[in-house]
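upload.txt (compact mmCIF, C-alpha atoms)
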# COMPACT_ATOMS: atom_id res chain seq x y z
CA MET A 20 124.18 13.56 21.40
CA LYS A 21 127.00 11.24 20.44
CA GLU A 22 128.31 11.62 24.01
CA ILE A 23 124.93 10.77 25.54
CA VAL A 24 124.80 7.63 23.46
CA SER A 25 128.26 6.32 24.16
CA LYS A 26 128.90 7.24 27.81
CA LYS A 27 126.49 4.88 29.55
CA LYS A 28 127.58 1.27 29.46
CA VAL A 29 124.97 -0.48 31.58
CA PRO A 30 121.35 0.52 30.96
CA VAL A 31 119.34 1.11 34.12
CA THR A 32 116.32 3.27 33.31
CA ASP A 33 113.71 2.87 30.55
CA MET A 34 115.35 5.79 28.78
CA ASP A 35 118.72 4.03 28.92
CA TYR A 36 117.16 1.09 27.11
CA VAL A 37 115.61 3.39 24.50
CA VAL A 38 119.06 4.85 23.83
CA LEU A 39 120.77 1.47 23.73
CA TYR A 40 118.17 0.00 21.40
CA ALA A 41 118.19 2.97 19.01
CA ARG A 42 121.99 2.95 18.91
CA ASN A 43 122.05 -0.75 18.04
CA LEU A 44 119.23 -0.39 15.51
CA LYS A 45 121.13 2.39 13.75
CA MET A 46 124.08 0.08 13.18
CA ASP A 47 122.29 -3.20 12.48
CA ASN A 48 118.83 -3.68 11.01
CA LYS A 49 118.55 -7.25 12.34
CA HIS A 50 116.98 -5.68 15.44
CA PHE A 51 113.93 -4.92 13.31
CA ARG A 52 113.06 -8.63 13.48
CA SER A 53 112.12 -8.35 17.15
CA HIS A 54 110.43 -5.01 16.43
CA LYS A 55 108.17 -6.67 13.84
CA MET A 56 107.35 -9.51 16.21
CA LEU A 57 106.41 -7.02 18.93
CA ILE A 58 104.22 -4.84 16.69
CA ASP A 59 102.43 -7.79 15.04
CA SER A 60 101.88 -9.42 18.41
CA GLN A 61 100.57 -6.18 19.95
CA ILE A 62 98.00 -5.77 17.16
CA LYS A 63 96.86 -9.35 17.60
CA SER A 64 96.54 -9.07 21.37
CA SER A 65 94.88 -5.66 21.16
CA ASN A 66 92.29 -6.99 18.73
CA SER A 67 91.63 -9.84 21.08
CA PHE A 68 91.38 -7.50 24.07
CA PHE A 69 88.91 -5.14 22.37
CA LYS A 70 86.92 -8.08 21.00
CA ASN A 71 86.51 -9.37 24.54
CA MET A 72 85.61 -5.90 25.75
CA PHE A 73 83.19 -4.80 23.02
CA GLY A 74 82.38 -7.90 20.96
CA ASP A 75 82.52 -8.21 17.19
CA GLY A 76 80.92 -6.66 14.07
CA GLU A 77 77.95 -4.34 14.75
CA GLU A 78 78.12 -5.01 18.49
CA PHE A 79 81.74 -3.80 18.52
CA LYS A 80 80.78 -0.72 16.53
CA ARG A 81 77.96 0.21 18.92
CA LYS A 82 79.82 -0.47 22.16
CA SER A 83 83.10 1.12 21.10
CA ARG A 84 81.23 4.26 19.98
CA GLU A 85 79.53 4.47 23.37
CA TYR A 86 82.92 4.03 25.06
CA LEU A 87 84.60 6.74 22.98
CA LYS A 88 81.73 9.13 23.63
CA LYS A 89 82.21 8.60 27.37
CA LEU A 90 85.88 9.50 26.90
CA GLY A 91 84.82 12.57 24.94
CA LYS A 92 86.52 11.42 21.73
CA MET B 19 125.34 -6.20 8.40
CA MET B 20 123.01 -3.46 7.15
CA ASN B 21 122.29 -0.17 8.89
CA GLY B 22 118.83 0.47 10.29
CA TYR B 23 118.24 3.20 7.75
CA SER B 24 119.79 4.84 4.74
CA VAL B 25 119.16 8.05 2.82
CA GLU B 26 118.28 8.08 -0.87
CA GLY B 27 118.12 11.65 -2.16
CA ASP B 28 115.56 13.33 0.10
CA ILE B 29 113.96 10.07 1.22
CA LEU B 30 114.67 8.31 4.52
CA VAL B 31 114.70 4.58 3.82
CA ILE B 32 114.06 2.33 6.80
CA ASN B 33 115.68 -1.03 6.18
CA ARG B 34 113.06 -3.41 7.49
CA ASP B 35 110.10 -5.55 6.45
CA LEU B 36 106.54 -4.25 6.69
CA ASN B 37 104.49 -5.21 9.74
CA GLU B 38 100.73 -5.37 10.36
CA LEU B 39 100.59 -1.75 11.50
CA ASP B 40 102.28 -0.62 8.27
CA PHE B 41 99.77 -2.60 6.19
CA PHE B 42 96.88 -0.87 7.95
CA VAL B 43 98.33 2.61 7.40
CA ARG B 44 99.31 1.83 3.81
CA ASP B 45 95.82 0.54 2.93
CA PHE B 46 94.22 3.60 4.48
CA LEU B 47 96.54 6.08 2.75
CA GLU B 48 96.05 4.41 -0.63
CA VAL B 49 92.44 5.56 -0.48
CA PHE B 50 92.92 8.81 1.41
CA LYS B 51 95.60 10.35 -0.79
CA LYS B 52 93.36 10.07 -3.86
CA HIS B 53 91.27 12.78 -2.23
CA SER B 54 93.56 14.87 -0.07
CA ASP B 55 97.09 15.60 1.01
CA TYR B 56 98.10 14.32 4.47
CA LEU B 57 100.91 14.11 7.02
CA ILE B 58 101.47 11.22 9.41
CA VAL B 59 102.53 12.58 12.81
CA SER B 60 103.32 11.55 16.39
CA GLY B 61 103.61 7.92 17.57
CA PHE B 62 103.72 6.22 14.18
CA VAL B 63 106.75 8.32 13.22
CA SER B 64 108.70 6.79 16.08
CA ILE B 65 107.23 3.31 15.76
CA SER B 66 107.76 3.09 12.00
CA THR B 67 111.41 3.98 12.55
CA GLY B 68 111.86 1.20 15.08
CA ARG B 69 110.60 2.38 18.45
CA ALA B 70 109.56 -0.78 20.25
CA ARG B 71 106.14 0.09 21.64
CA GLY B 72 102.53 -0.51 20.72
CA THR B 73 99.85 1.98 19.75
CA GLU B 74 96.09 2.00 19.35
CA ASP B 75 95.90 4.90 16.92
CA ILE B 76 97.82 6.58 14.14
CA ASP B 77 97.55 10.36 13.94
CA MET B 78 97.25 12.05 10.60
CA LEU B 79 96.85 15.74 9.67
CA PHE B 80 94.92 16.87 6.63
CA PRO B 81 93.73 20.30 5.45
CA LEU B 82 90.12 21.18 6.17
CA MET B 83 88.03 20.07 3.17
CA GLU B 84 84.80 21.26 1.59
CA GLU B 85 81.83 19.05 2.42
CA GLU B 86 81.42 17.72 -1.11
CA ALA B 87 85.06 16.61 -1.36
CA PHE B 88 84.83 15.07 2.08
CA MET B 89 81.73 13.08 1.11
CA GLU B 90 83.60 11.53 -1.80
CA LEU B 91 86.51 10.63 0.47
CA PHE B 92 84.25 9.23 3.18
CA ASN B 93 82.25 7.07 0.79
CA ASN B 94 85.40 5.82 -0.91
CA LEU B 95 86.80 4.76 2.49
CA LEU B 96 83.55 2.92 3.25
CA ASP B 97 83.72 1.17 -0.14
CA GLU B 98 87.28 0.08 0.63
CA GLY B 99 86.36 -1.56 3.92
CA PHE B 100 86.77 1.15 6.56
CA TRP B 101 84.17 2.56 8.94
CA CYS B 102 84.11 5.70 11.00
CA TYR B 103 83.72 5.74 14.77
CA GLN B 104 81.92 9.08 14.76
CA SER B 105 79.22 8.37 12.18
CA ASP B 106 78.03 6.00 9.47
CA THR B 107 77.22 8.91 7.18
CA ALA B 108 79.47 11.46 5.50
CA GLN B 109 77.16 14.27 6.64
CA GLY B 110 77.39 13.11 10.26
CA ALA B 111 81.17 12.81 10.15
CA TYR B 112 81.52 16.18 8.44
CA GLU B 113 79.93 17.89 11.44
CA TYR B 114 83.09 16.91 13.36
CA ILE B 115 85.38 18.07 10.55
CA ARG B 116 83.58 21.39 10.28
CA ALA B 117 84.17 21.89 14.02
CA LEU B 118 87.87 20.99 13.48
CA SER B 119 87.46 17.85 15.59
CA SER B 120 89.21 14.66 14.61
CA ILE B 121 87.46 11.54 13.32
CA ARG B 122 88.64 7.95 13.51
CA PHE B 123 88.52 5.15 10.96
CA ILE B 124 89.00 1.46 11.51
CA LYS B 125 89.13 -1.52 9.18
CA LYS B 126 85.98 -3.67 9.10
CA GLY B 127 86.48 -6.91 10.99
CA MET B 128 89.26 -5.47 13.14
CA GLN B 129 89.09 -3.86 16.57
CA ASN B 130 92.42 -2.13 16.41
CA PRO B 131 94.26 0.04 15.33
CA ASN B 132 92.40 3.15 14.20
CA MET B 133 93.40 6.11 12.06
CA GLU B 134 92.78 9.44 13.76
CA CYS B 135 92.31 12.10 11.07
CA ILE B 136 92.88 15.63 12.36
CA PRO B 137 91.70 18.55 10.21
CA ILE B 138 93.95 21.60 10.22
CA THR B 139 93.72 25.19 8.99
CA PRO B 140 96.44 27.82 8.49
CA GLU B 141 95.54 29.24 11.92
CA ARG B 142 97.22 26.20 13.48
CA LYS B 143 100.64 27.62 12.60
CA ALA B 144 102.90 24.86 13.92
CA LYS B 145 100.79 22.07 12.45
CA TYR B 146 100.51 23.91 9.16
CA PHE B 147 104.26 24.44 9.12
CA GLU B 148 105.07 20.74 9.52
CA PHE B 149 102.35 19.88 7.03
CA ASN B 150 104.00 22.12 4.43
CA ASN B 151 107.53 20.85 5.13
CA PRO B 152 107.19 17.08 4.92
CA GLN B 153 109.94 14.48 5.12
CA LYS B 154 109.48 11.51 2.80
CA ILE B 155 110.08 8.10 4.32
CA ARG B 156 110.01 4.64 2.75
CA ILE B 157 109.71 1.15 4.17
CA GLY B 158 109.82 -1.54 1.48
CA ASP B 159 107.38 -0.29 -1.19
CA PHE B 160 105.44 1.87 1.29
CA GLU B 161 106.31 5.55 0.98
CA PHE B 162 104.61 8.21 3.09
CA LYS B 163 105.11 11.68 4.54
CA ILE B 164 106.07 12.65 8.07
CA PRO B 165 107.20 15.93 9.65
CA PRO B 166 110.88 16.90 9.58
CA ILE B 167 112.56 14.66 12.18
CA GLU B 168 113.86 17.70 14.11
CA PHE B 169 110.33 19.14 14.28
CA GLU B 170 108.89 15.86 15.51
CA ILE B 171 111.55 15.63 18.23
CA LEU B 172 110.93 19.18 19.45
CA TYR B 173 107.14 18.82 19.36
CA LYS B 174 107.35 15.75 21.55
CA GLU B 175 109.80 17.39 23.94
CA LEU B 176 108.25 20.86 24.17
CA VAL B 177 104.53 20.29 23.66
CA LEU B 178 103.57 16.70 24.46
CA GLY B 179 106.17 15.90 27.11
CA SER B 180 104.87 12.62 28.58
CA LYS B 181 107.34 9.84 29.43
CA LYS B 182 106.32 8.02 26.26
CA ASP B 183 106.80 11.15 24.15
CA LEU B 184 110.21 11.92 25.66
CA GLU B 185 111.30 8.34 24.95
CA ASP B 186 110.01 8.65 21.38
CA ALA B 187 111.99 11.87 20.98
CA MET B 188 115.14 10.27 22.36
CA HIS B 189 114.71 7.30 20.02
CA LEU B 190 114.63 9.71 17.07
CA ARG B 191 117.57 11.75 18.38
CA VAL B 192 119.79 8.68 18.77
CA LEU B 193 118.73 6.79 15.66
CA PHE B 194 119.00 9.80 13.36
CA VAL B 195 122.00 11.45 15.00
CA ASP B 196 123.82 11.54 11.64
CA PHE B 197 120.77 12.78 9.73
CA ILE B 198 119.33 15.57 11.84
CA LYS B 199 120.58 19.11 11.35
CA GLY B 200 121.31 21.13 14.47
CA GLU B 201 120.45 24.49 12.93
CA ARG B 202 116.91 23.34 12.19
CA PHE B 203 116.12 22.97 15.91
CA LYS B 204 116.35 26.71 16.48
CA GLU B 205 114.11 27.49 13.51
CA TYR B 206 111.52 24.89 14.46
CA GLU B 207 111.55 25.82 18.15
CA THR B 208 110.47 29.35 17.21
CA VAL B 209 107.55 27.96 15.19
CA ILE B 210 106.47 25.56 17.94
CA ARG B 211 106.77 28.07 20.78
CA GLY B 212 104.77 30.50 18.66
CA GLU B 213 101.81 28.13 18.79
CA LEU B 214 102.18 27.65 22.55
CA LYS B 215 101.66 31.38 23.24

Since I need it in another form, could you write the structure as structure tokens?
Amino acid sequence: MKEIVSKKKVPVTDMDYVVLYARNLKMDNKHFRSHKMLIDSQIKSSNSFFKNMFGDGEEFKRKSREYLKKLGK
Amino acid sequence: MMNGYSVEGDILVINRDLNELDFFVRDFLEVFKKHSDYLIVSGFVSISTGRARGTEDIDMLFPLMEEEAFMELFNNLLDEGFWCYQSDTAQGAYEYIRALSSIRFIKKGMQNPNMECIPITPERKAKYFEFNNPQKIRIGDFEFKIPPIEFEILYKELVLGSKKDLEDAMHLRVLFVDFIKGERFKEYETVIRGELK
């Protein structure tokens, strides 16, 4: 594993970036700042997306249930 | 400069601040664990340890409960501001649990994320194994239980196998390269492959 991590210098694929990011995160927790921004932002935008899709309150409950049933969940 | 994680006794400590996803899971578990044991699995394991991707749901295993105990749990969750996608009543939701189907809870006033609660029995050998061999993890003052890291990696690689899952597994392999124990992979692979048969 240590070899996989250190051999590649220039990331090309998505997996390369996963490796690079995890390697840097292991050594330095400052990278969690951007992680927090991404997660918080994703929750905010997801809420907004689903609100636009299914509405709010009871309307959201009803429409999202119908949607999940269609997906078989 | 501080490392991304440290180890305190048998607890993995992730050296970061809590985010909105953590708050949701923490609030849910504060209620849930008064009524039942649990294990957080899959995407949140990778995301809580730094994987930079979003998620709509957090997967959680719990042992199949009797209806009466489930009703207390369900009503407590409602009182604490959660609602269930599958039903507004404990009896309705328990029909899913009895059939070993998962149910989802979401916080009132929010559209996302949701907590997917998956009932398990001893017949689900791999899931029961990870449930009974938890790894403690802590972020700030939020401590919770996840599968052994080696088990989570193998499950993603051998069972789930999507691009996202393989990236999650690689994230865990690289981040925890000094923590994971090689000999555990062989033991856990036997357990996981046993369930695939």

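The point (112.7, -4.5, 8.7) has these residues within 9 Å of it when all atoms listed in the file are used: Asn48, Lys49, His50, Phe51, Arg52, His54 and Lys55 of chain A; Gly22, Ile32, Asn33, Arg34, Asp35, Leu36, Asn37, Gly68, Ile157 and Gly158 of chain B.
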
Residues as selected, C-alpha atoms, written as a PDB file, keeping the file's coordinate frame, can you do that?
ATOM      1  CA  ASN A  48     118.830  -3.680  11.010  1.00  0.00           C
ATOM      2  CA  LYS A  49     118.550  -7.250  12.340  1.00  0.00           C
ATOM      3  CA  HIS A  50     116.980  -5.680  15.440  1.00  0.00           C
ATOM      4  CA  PHE A  51     113.930  -4.920  13.310  1.00  0.00           C
ATOM      5  CA  ARG A  52     113.060  -8.630  13.480  1.00  0.00           C
ATOM      6  CA  HIS A  54     110.430  -5.010  16.430  1.00  0.00           C
ATOM      7  CA  LYS A  55     108.170  -6.670  13.840  1.00  0.00           C
TER       8      LYS A  55
ATOM      9  CA  GLY B  22     118.830   0.470  10.290  1.00  0.00           C
ATOM     10  CA  ILE B  32     114.060   2.330   6.800  1.00  0.00           C
ATOM     11  CA  ASN B  33     115.680  -1.030   6.180  1.00  0.00           C
ATOM     12  CA  ARG B  34     113.060  -3.410   7.490  1.00  0.00           C
ATOM     13  CA  ASP B  35     110.100  -5.550   6.450  1.00  0.00           C
ATOM     14  CA  LEU B  36     106.540  -4.250   6.690  1.00  0.00           C
ATOM     15  CA  ASN B  37     104.490  -5.210   9.740  1.00  0.00           C
ATOM     16  CA  GLY B  68     111.860   1.200  15.080  1.00  0.00           C
ATOM     17  CA  ILE B 157     109.710   1.150   4.170  1.00  0.00           C
ATOM     18  CA  GLY B 158     109.820  -1.540   1.480  1.00  0.00           C
TER      19      GLY B 158
END

Determine which residues of chain A sit within 8 Å of chain B, taking into account all atoms listed in the file, and present them as a VMD selection string.
-> chain A and resid 20 to 21 24 34 37 to 38 41 to 42 44 to 49 51 to 52 54 to 55 57 to 59 61 to 62 65 to 67 69 to 70 75 to 76 79 to 80 83 to 84

Residue subset to file, keeping C-alpha atoms, as a short mmCIF file (atom, residue, chain, number, x, y, z; two decimals), in the coordinates of the input:
data_model
loop_
_atom_site.label_atom_id
_atom_site.label_comp_id
_atom_site.auth_asym_id
_atom_site.auth_seq_id
_atom_site.Cartn_x
_atom_site.Cartn_y
_atom_site.Cartn_z
CA MET A 20 124.18 13.56 21.40
CA LYS A 21 127.00 11.24 20.44
CA VAL A 24 124.80 7.63 23.46
CA MET A 34 115.35 5.79 28.78
CA VAL A 37 115.61 3.39 24.50
CA VAL A 38 119.06 4.85 23.83
CA ALA A 41 118.19 2.97 19.01
CA ARG A 42 121.99 2.95 18.91
CA LEU A 44 119.23 -0.39 15.51
CA LYS A 45 121.13 2.39 13.75
CA MET A 46 124.08 0.08 13.18
CA ASP A 47 122.29 -3.20 12.48
CA ASN A 48 118.83 -3.68 11.01
CA LYS A 49 118.55 -7.25 12.34
CA PHE A 51 113.93 -4.92 13.31
CA ARG A 52 113.06 -8.63 13.48
CA HIS A 54 110.43 -5.01 16.43
CA LYS A 55 108.17 -6.67 13.84
CA LEU A 57 106.41 -7.02 18.93
CA ILE A 58 104.22 -4.84 16.69
CA ASP A 59 102.43 -7.79 15.04
CA GLN A 61 100.57 -6.18 19.95
CA ILE A 62 98.00 -5.77 17.16
CA SER A 65 94.88 -5.66 21.16
CA ASN A 66 92.29 -6.99 18.73
CA SER A 67 91.63 -9.84 21.08
CA PHE A 69 88.91 -5.14 22.37
CA LYS A 70 86.92 -8.08 21.00
CA ASP A 75 82.52 -8.21 17.19
CA GLY A 76 80.92 -6.66 14.07
CA PHE A 79 81.74 -3.80 18.52
CA LYS A 80 80.78 -0.72 16.53
CA SER A 83 83.10 1.12 21.10
CA ARG A 84 81.23 4.26 19.98
#

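Among the candidate residues B:Lys199, B:Ile210, B:Lys154, B:His53, the one lying nearest to B:Leu178 is B:Ile210, with distances computed using all atoms listed in the file.
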
Kindly give the distance, in Å, that separates atom CA of B:Ala117 and atom CA of B:Ser180, rounded to a single decimal.
-> 27.0 Å

Given all atoms listed in the file as the counted atoms, nearest of B:Val25, B:Cys135, B:Glu113, B:Asp183 to B:Ile198 = B:Val25

How many Å separate atom CA of B:Val209 from atom CA of B:Ala144?
->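 Taking atom CA of B:Val209 and atom CA of B:Ala144, their separation equals 5.7 Å.
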
Which one of B:Ser64, B:Asp45, B:Ile167, B:Ile115 sits closest to B:Thr139 if you count all atoms listed in the file?
->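 Among the listed residues, the smallest separation from B:Thr139 belongs to B:Ile115.
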
Point-to-point distance in Å for atom CA of B:Leu91 and atom CA of B:Lys52 = 8.1 Å

At a cut-off of 6 Å from (94.5, 17.4, 6.3) in the coordinates of the file, what residues are picked up using all atoms listed in the file, written as a PyMOL selection string?
-> chain B and resi 56+79-82+137-138

Excluding same-chain residues fewer than 3 positions from B:Ile164, what lies within 8 Å of it counting all atoms listed in the file, as a PDB file with C-alpha atoms, in the frame of the given file?
ATOM      1  CA  LEU B  57     100.910  14.110   7.020  1.00  0.00           C
ATOM      2  CA  ILE B  58     101.470  11.220   9.410  1.00  0.00           C
ATOM      3  CA  VAL B  59     102.530  12.580  12.810  1.00  0.00           C
ATOM      4  CA  VAL B  63     106.750   8.320  13.220  1.00  0.00           C
ATOM      5  CA  PRO B 152     107.190  17.080   4.920  1.00  0.00           C
ATOM      6  CA  GLN B 153     109.940  14.480   5.120  1.00  0.00           C
ATOM      7  CA  LYS B 154     109.480  11.510   2.800  1.00  0.00           C
ATOM      8  CA  ILE B 155     110.080   8.100   4.320  1.00  0.00           C
ATOM      9  CA  ILE B 167     112.560  14.660  12.180  1.00  0.00           C
TER      10      ILE B 167
END

Which centre and edge lengths in Å to one decimal define the box along x, y and z that fits every listed atom of stretch 67-77 of chain A plus 5 Å per side, as JSON?
{"center_x": 84.8, "center_y": -7.1, "center_z": 19.9, "size_x": 23.7, "size_y": 15.5, "size_z": 21.7}
